[in-house]
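A.B. asks: Dropping the structure in here first, questions after.
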Amino acid sequence: DMWSVGCILGELLVGRSIFPGTSTMNQIERIIDVIGFPSNEDIRSVQSSFAKTMIEGIPKKKNSPNPWKSMFPTASADALDLLKKLLSFNPEKRISASAALAHPYVSEFHDETEEKSCQIPLKLDVDDNKRLSAADYRELLYE
């Protein structure tokens, strides 16, 4: 998904994991420290009631003026713009794969004649409210 692409891009820009958490809650807090606290609309977009409860339990802090630039000090304006669009909290507001490929940061590598596009949304039938092992997730994904 595009969130994962954003995490990978962020890691390429700084050479390390961008949201290393000591727990699920700590990782969510680290994400919010960078992208800002989600709006009520964004929280409603969360499919997992477990995750929604965790987010709602995080105290709101005043966001730093430009966490993106301080976290990615060597990134170009185009790189930061794409990163922000990839790491949008609400999946409905996140940039699509097609739009990301046309983004100025990567547009020189974009060739529509070579790229295939899926015309229907893919849905993974995995219950986010149930804890599974990595092996169990793998089995569900490849069934």
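Here, A, B, ... name the chains of the structure tokens in the order displayed, residue numbers run from 1 inside each chain, and ligands are numbered from 1 in the same displayed order.
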Which residues, written as an NGL selection string, have at least one atom at most 9 Å from A:Met71, with only C-alpha atoms counted and residues fewer than 4 positions away on the same chain left out?
C.D. replies: :A and (14 or 18 or 34 or 66-67)
A.B. asks: Need the shell around A:Lys93: protein/DNA/RNA residues with any atom at most 9 Å away, counting only C-alpha atoms. Skip same-chain ones fewer than 5 positions apart. Format as a VMD selection string?
C.D. replies: chain A and resid 42 85 88
A.B. asks: Restricted to all heavy atoms, what would the selected residues look like written as a PDB file, in the first residue's frame?
C.D. replies:
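See out-v3.pdb below for the written result:
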ATOM      1  N   ASP A  42     -10.488  11.858   9.964  1.00  0.00           N
ATOM      2  CA  ASP A  42      -9.431  10.873   9.734  1.00  0.00           C
ATOM      3  C   ASP A  42      -9.541   9.708  10.716  1.00  0.00           C
ATOM      4  O   ASP A  42      -9.349   8.554  10.339  1.00  0.00           O
ATOM      5  CB  ASP A  42      -8.059  11.523   9.831  1.00  0.00           C
ATOM      6  CG  ASP A  42      -7.794  12.501   8.698  1.00  0.00           C
ATOM      7  OD1 ASP A  42      -8.481  12.418   7.658  1.00  0.00           O
ATOM      8  OD2 ASP A  42      -6.898  13.346   8.851  1.00  0.00           O
ATOM      9  N   LYS A  85       2.310  13.263   1.049  1.00  0.00           N
ATOM     10  CA  LYS A  85       1.137  12.702   0.359  1.00  0.00           C
ATOM     11  C   LYS A  85       1.042  11.190   0.546  1.00  0.00           C
ATOM     12  O   LYS A  85      -0.055  10.641   0.603  1.00  0.00           O
ATOM     13  CB  LYS A  85       1.179  13.076  -1.124  1.00  0.00           C
ATOM     14  CG  LYS A  85       0.933  14.556  -1.328  1.00  0.00           C
ATOM     15  CD  LYS A  85       1.093  14.993  -2.768  1.00  0.00           C
ATOM     16  CE  LYS A  85       0.765  16.483  -2.868  1.00  0.00           C
ATOM     17  NZ  LYS A  85       1.033  17.022  -4.185  1.00  0.00           N
ATOM     18  N   SER A  88      -0.146  10.361   4.411  1.00  0.00           N
ATOM     19  CA  SER A  88      -1.393  10.968   4.873  1.00  0.00           C
ATOM     20  C   SER A  88      -2.097   9.950   5.769  1.00  0.00           C
ATOM     21  O   SER A  88      -2.205   8.769   5.413  1.00  0.00           O
ATOM     22  CB  SER A  88      -2.276  11.318   3.670  1.00  0.00           C
ATOM     23  OG  SER A  88      -3.519  11.791   4.096  1.00  0.00           O
TER      24      SER A  88
END
A.B. asks: Hey, which of A:Met2, A:Leu140, A:Ile28, A:Val46 ends up closest to A:Ser98? Count only C-alpha atoms.
C.D. replies: A:Met2
A.B. asks: Write out as an MDAnalysis selection string each polymer residue whose atoms come within 12 Å of A:Asp1, counting only C-alpha atoms; drop sequence neighbours fewer than 6 positions from it.
C.D. replies: chainID A and resid 7:8 86:87 91 94:97 100 121:124
A.B. asks: Residues at most 9 Å from stretch 47-54 of chain A, counting only C-alpha atoms, excluding those fewer than 4 positions away in the same chain, as a short mmCIF file (atom, residue, chain, number, x, y, z; two decimals) with N, CA, C and O atoms, in the first residue's frame?
C.D. replies:
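Result went into result.cif, see below:
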data_model
loop_
_atom_site.label_atom_id
_atom_site.label_comp_id
_atom_site.auth_asym_id
_atom_site.auth_seq_id
_atom_site.Cartn_x
_atom_site.Cartn_y
_atom_site.Cartn_z
N THR A 24 3.17 -0.85 20.06
CA THR A 24 2.20 -0.34 19.08
C THR A 24 1.83 1.11 19.41
O THR A 24 1.82 1.98 18.54
N MET A 25 1.55 1.36 20.69
CA MET A 25 1.16 2.71 21.11
C MET A 25 2.30 3.70 20.87
O MET A 25 2.07 4.79 20.35
N ILE A 28 2.52 4.54 17.17
CA ILE A 28 1.46 5.48 16.77
C ILE A 28 1.80 6.89 17.23
O ILE A 28 1.63 7.86 16.49
N ILE A 43 -9.87 9.99 11.96
CA ILE A 43 -10.03 8.93 12.96
C ILE A 43 -11.21 8.04 12.58
O ILE A 43 -11.14 6.82 12.69
N ILE A 58 -4.46 8.88 22.88
CA ILE A 58 -3.21 9.62 22.85
C ILE A 58 -3.50 11.10 23.13
O ILE A 58 -4.35 11.70 22.48
N ASP A 127 -8.79 -9.36 9.62
CA ASP A 127 -9.41 -8.66 10.73
C ASP A 127 -8.34 -7.92 11.54
O ASP A 127 -7.52 -8.55 12.20
N ASP A 128 -8.37 -6.58 11.49
CA ASP A 128 -7.38 -5.77 12.22
C ASP A 128 -7.57 -5.83 13.73
O ASP A 128 -6.71 -5.38 14.48
N ASN A 129 -8.70 -6.33 14.18
CA ASN A 129 -8.96 -6.39 15.61
C ASN A 129 -8.47 -7.69 16.24
O ASN A 129 -8.61 -7.90 17.43
N LYS A 130 -7.87 -8.55 15.44
CA LYS A 130 -7.39 -9.83 15.91
C LYS A 130 -5.87 -9.88 15.75
O LYS A 130 -5.34 -9.58 14.69
#
A.B. asks: For atom CA of A:Ile31 and atom CA of A:Phe109, determine how far apart the two atoms are, in Å to one decimal place.
C.D. replies: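 Pair atom CA of A:Ile31 / atom CA of A:Phe109 returns 28.7 Å.
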A.B. asks: Pick out each residue of stretch 87-136 of chain A that DSSP on the backbone tags as alpha helix (DSSP H); I need them as a ChimeraX atom specification.
C.D. replies: /A:97-101,134-136
